[in-house]
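Have a look at the structure below, then the notes.
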Amino acid sequence: MNPFIALTGIDKRFGGIHAIEGIDFDVFSGEVHALVGENGAGKSTLMRVIGGGHQPDAGTIHVEGREMTFRDPHASLAEGIAVIHQETALAPDLSIAENVFLGAMPAVIDWRTLREKARVLIASLGFDIDPAALVEHMSAAQCQVIEIAKALSGSLKLLVLDEPTAALAPSDADRLLDIVRGLRSRGVGIVYISHRLEEVFAIADRITVLKDGKRVDTVKPADITRDELIRKMVGRPLSVLFPERHAALGDEILKVSNLTRGDAVQNVSFTLRAGEVVGLGGLIGSGRTEVARLIFGADLRDSGTIELKQKPLHVRSPMAAVRAGIGFVPEDRKGQGAVLSMPIRVNATLAALRSVSGPLGFLTFGRERDYVKKLMESLRIKARSMDADVSTLSGGNQQKVVLAKWFHADGDLIILDEPTRGVDVGAKAEIYTLINQLAERGKAVLVISSEHQELMGLCDRILVMGEGRIRGQLEPHDYSEERILSLSLQRDADEPAALAH
Ligand SMILES: Nc1ncnc2c1ncn2[C@@H]1O[C@H](COP(=O)(O)OP(=O)(O)OP(=O)(O)O)[C@@H](O)[C@H]1O
Ligand SMILES: [Mg+2]
């Protein structure tokens with residue numbers, strides 16, 4: 001049997017960067033071929049070549065035995081190839097039905113039929129979403145489903161998913177994997193890119209590892225262990241993911257009492273001490289990010305009090321929060337985290353101007369460059385130089401720049417919302433070490449995460465939220481995935497216990 005698609009000797013450069021180099025890669029119909037590798041390894045670039053978004057500098061593409069050139073995404077779509085990119089490409093102000101049929105709008109639009117078709121497509125994926133609703137009101141999981149429905153609206157033969165579960169809660173990620181299995185059994189070939197290796201082992205028929213733009217190996221999951229795979233990805237064994245914690249707790253830094261805003265946050269109370277790393281767990285939408293936004297002054301509370309170092313905190317803007325000594329790394333790096341059109345150097349020092357300023361408060365050029373160089377090395381940020389625009393970095397490297405911005409910021413409290421989303425396994429370990437160092441330097445750290453392993457590996461305590469309330473607190477001796485999950489699903493006593501969805 002011939003593969004559906006076969007790429008041979010694919011090369012792509014961006015200026016001085018050799019993004020991918022002599023790559024051979026193929027996918028059979030009815031197969032899930034996973035693509036793994038560190039941030040900047042070339043995964044998304046290779047997928048853009050398949051999807052017609054980039055033209056390779058060298059190499060050939062064969063589809064069902066015929067040599068093809070994809071001049072643009074329409075050309076690959078015409079062959080039944082759909083790519084769902086790392087960042088969603090849906091139009092937020094159009095309805096779901098409009099988005100699903102965007103590429104295939106008939107000349108005369110019959111809205112009733114279109115909406116019904118969209119509903120049937122979405123239902124075939126096991127979801128019930130109103131096709132007339134606007135995309136801007138959809139969750140990350142619903143957006144993924146709509147993107148897949150959109151791909152299915154043509155005749156789909158190959159689906160490329162670039163980190164589809166990065167922004168999804170674990171239960172939604174499971175449903176997405178079910179969709180992938182369903183498509184595979186219908187004979188669709190799938191390329192699956194993910195940094196979550198458990199998923200890769202659960203779903204892949206074959207795994208290809210890229211490193212520094214080259215193909216390292218292609219293996220069957222049964223023939224390799226997780227550790228061996230990581231070694232191929234990062235080029236070194238990674239023995240400890242989580243650093244050992246030696247928490248020396250100091251004074252109380254943050255005290256939140258009865259914090260309330262609408263239904264989103266209700267009567268939330270907790271404290272954080274210097275040197276402490278506290279996790280905020282719970283499902284997406286449980287109010288975790290909202291709590292962070294209230295502390296950071298991005299939203300205003302209805303009631304309740306916040307004290308920073310025993311003094312009432314009344315910040316009404318993020319700028320005021322930064323001046324008060326609070327750092328916040330938001331989950332949505334594109335929307336609020338990084339200034340994509342500015343160099344890494346400028347982004348990285350935005351929050352730490354004091355550390356790079358001379359005695360009179362002037363920014364000293366040499367000091368700034370040294371500082372940024374050190375940060376880029378410690379986080380392994382892969383880029384042409386520190387003067388490269390953030391928009392030219394790979395997804396995970398953009399995330400690292402956002403983190404770099406805060407890691408050496410002055411201040412007492414730092415809030416990290418999903419700090420390792422989209423970050424490769426090697427860089428994860430670096431980020432955990434840096435978080436640990438922040439705590440050792442006496443900062444209080446609040447970590448919001450949907451990855452239970454991360455919370456348990458990193459935190460001195462975990463507060464679990466559900467429906468805007470704190471459902472409970474776990475200490476290391478009672479950490480388990482089941483405990484976190486059951487607390488996050490717990491309802492008020494007078495409500496029947498039922499799962500979401
Ligand atoms: N448009 C571009 N201009 C300049 N450089 C680019 C561009 N797109 C990608 N690169 C570079 O090519 C390399 C590969 O990037 P790519 O996005 O393919 O990585 P990736 O494996 O998808 O990483 P991640 O896991 O972080 O998403 C990186 O060094 C990146 O900076
Ligand atoms: Mg990528």
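Just remember, in the structure tokens the first chain shown is A, the second B, etc., residues are 1-based per chain, and ligands are 1-based in the order shown.
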For ligand 1, collect every residue having any atom at a distance of at most 6 Å from a ligand atom (counting only C-alpha atoms and all ligand atoms); output as a PDB file with N, CA and C atoms, in the first residue's frame.
```
ATOM      1  N   PHE A  14      14.196  30.371   6.667  1.00  0.00           N
ATOM      2  CA  PHE A  14      13.695  31.737   6.851  1.00  0.00           C
ATOM      3  C   PHE A  14      14.918  32.596   7.091  1.00  0.00           C
ATOM      4  N   ALA A  19      14.874  26.167   9.055  1.00  0.00           N
ATOM      5  CA  ALA A  19      13.776  25.692   9.909  1.00  0.00           C
ATOM      6  C   ALA A  19      13.584  24.185   9.776  1.00  0.00           C
ATOM      7  N   GLU A  38      11.108  19.409  20.274  1.00  0.00           N
ATOM      8  CA  GLU A  38      11.174  20.591  21.123  1.00  0.00           C
ATOM      9  C   GLU A  38      10.565  21.813  20.436  1.00  0.00           C
ATOM     10  N   ASN A  39      10.342  22.861  21.215  1.00  0.00           N
ATOM     11  CA  ASN A  39       9.873  24.118  20.645  1.00  0.00           C
ATOM     12  C   ASN A  39      10.887  24.597  19.608  1.00  0.00           C
ATOM     13  N   GLY A  40      10.391  24.908  18.426  1.00  0.00           N
ATOM     14  CA  GLY A  40      11.277  25.389  17.370  1.00  0.00           C
ATOM     15  C   GLY A  40      11.914  24.282  16.553  1.00  0.00           C
ATOM     16  N   ALA A  41      11.516  23.017  16.783  1.00  0.00           N
ATOM     17  CA  ALA A  41      12.112  21.894  16.060  1.00  0.00           C
ATOM     18  C   ALA A  41      11.716  21.881  14.587  1.00  0.00           C
ATOM     19  N   GLY A  42      10.593  22.543  14.257  1.00  0.00           N
ATOM     20  CA  GLY A  42      10.184  22.616  12.858  1.00  0.00           C
ATOM     21  C   GLY A  42       8.852  21.952  12.561  1.00  0.00           C
ATOM     22  N   LYS A  43       8.117  21.545  13.584  1.00  0.00           N
ATOM     23  CA  LYS A  43       6.861  20.819  13.396  1.00  0.00           C
ATOM     24  C   LYS A  43       5.834  21.656  12.624  1.00  0.00           C
ATOM     25  N   SER A  44       5.582  22.870  13.112  1.00  0.00           N
ATOM     26  CA  SER A  44       4.562  23.698  12.463  1.00  0.00           C
ATOM     27  C   SER A  44       4.988  24.091  11.053  1.00  0.00           C
ATOM     28  N   THR A  45       6.274  24.305  10.870  1.00  0.00           N
ATOM     29  CA  THR A  45       6.769  24.659   9.533  1.00  0.00           C
ATOM     30  C   THR A  45       6.485  23.520   8.549  1.00  0.00           C
ATOM     31  N   LYS A 382      14.740  29.622  21.529  1.00  0.00           N
ATOM     32  CA  LYS A 382      15.396  29.416  20.251  1.00  0.00           C
ATOM     33  C   LYS A 382      15.001  30.526  19.288  1.00  0.00           C
ATOM     34  N   ALA A 383      15.944  31.341  18.900  1.00  0.00           N
ATOM     35  CA  ALA A 383      15.654  32.443  17.991  1.00  0.00           C
ATOM     36  C   ALA A 383      16.930  32.842  17.270  1.00  0.00           C
ATOM     37  N   THR A 392       8.133  35.939  14.814  1.00  0.00           N
ATOM     38  CA  THR A 392       8.820  34.944  13.981  1.00  0.00           C
ATOM     39  C   THR A 392       9.216  33.706  14.775  1.00  0.00           C
ATOM     40  N   LEU A 393       8.913  33.678  16.066  1.00  0.00           N
ATOM     41  CA  LEU A 393       9.282  32.506  16.878  1.00  0.00           C
ATOM     42  C   LEU A 393       8.226  31.415  16.787  1.00  0.00           C
ATOM     43  N   SER A 394       8.635  30.192  17.105  1.00  0.00           N
ATOM     44  CA  SER A 394       7.666  29.098  17.172  1.00  0.00           C
ATOM     45  C   SER A 394       6.754  29.339  18.367  1.00  0.00           C
ATOM     46  N   GLY A 395       5.579  28.668  18.359  1.00  0.00           N
ATOM     47  CA  GLY A 395       4.575  28.889  19.395  1.00  0.00           C
ATOM     48  C   GLY A 395       5.133  28.771  20.810  1.00  0.00           C
ATOM     49  N   GLY A 396       5.860  27.715  21.071  1.00  0.00           N
ATOM     50  CA  GLY A 396       6.373  27.490  22.415  1.00  0.00           C
ATOM     51  C   GLY A 396       7.427  28.512  22.820  1.00  0.00           C
ATOM     52  N   ASN A 397       8.212  28.943  21.860  1.00  0.00           N
ATOM     53  CA  ASN A 397       9.229  29.945  22.171  1.00  0.00           C
ATOM     54  C   ASN A 397       8.601  31.306  22.466  1.00  0.00           C
TER      55      ASN A 397
END
```
Subject >> Shell around Ala204 of chain A at 9 Å using only C-alpha atoms, local window under 3 positions removed, as a PyMOL selection string >> reply: chain A and resi 31-34+192+199-201+207+220-221
At a cut-off of 9 Å, using only C-alpha atoms, what residues contact segment 213-218 of chain A? Leave out same-chain residues fewer than 3 positions from it and give the result as a compact mmCIF listing (two decimals) with C-alpha atoms, in the first residue's frame.
```txt
# COMPACT_ATOMS: atom_id res chain seq x y z
CA ASP A 11 13.88 22.00 3.10
CA HIS A 18 17.23 26.56 8.53
CA ALA A 19 13.78 25.69 9.91
CA ILE A 20 13.57 22.20 8.34
CA GLU A 21 16.24 20.26 6.58
CA GLY A 22 15.89 17.27 4.27
CA ILE A 23 12.77 15.90 5.93
CA ASP A 24 11.15 12.66 4.75
CA PHE A 25 7.65 12.15 6.13
CA GLY A 40 11.28 25.39 17.37
CA ALA A 41 12.11 21.89 16.06
CA GLY A 42 10.18 22.62 12.86
CA LYS A 43 6.86 20.82 13.40
CA ARG A 206 3.71 5.91 14.33
CA ILE A 207 5.73 8.71 15.92
CA THR A 208 8.26 10.90 14.12
CA VAL A 209 10.74 12.92 16.17
CA LEU A 210 12.15 16.20 14.84
CA LYS A 232 15.47 11.58 21.20
CA MET A 233 13.58 14.88 21.44
```
Original post:
When DSSP works through the backbone of this structure, what residues of segment 280-488 of chain A end up as helix (DSSP H, G or I), shown as an NGL selection string?
Top reply: :A and (288-295 or 318-324 or 333-337 or 344-349 or 353-356 or 365-378 or 390-392 or 395-407 or 425-440 or 452-458 or 476-478 or 481-488)
**OP:** Do a neighbour search on Gly287 of chain A at 7 Å with only C-alpha atoms, toss out local chain neighbours closer than 6 positions, and write the hits as a PyMOL selection string.
**Re:** chain A and resi 264-265+465+467-468
Original post:
So how far away is atom CA of Glu252 of chain A from atom CA of Thr305 of chain A, in Å?
Top reply: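 Rounded to one decimal, the two atoms are 15.0 Å apart.
Of the residues listed (A:Leu197, A:Ile326, A:Val145, A:Leu46), A:Leu197 shows the shortest atom-to-atom separation from Asp424 of chain A; distances use only C-alpha atoms.
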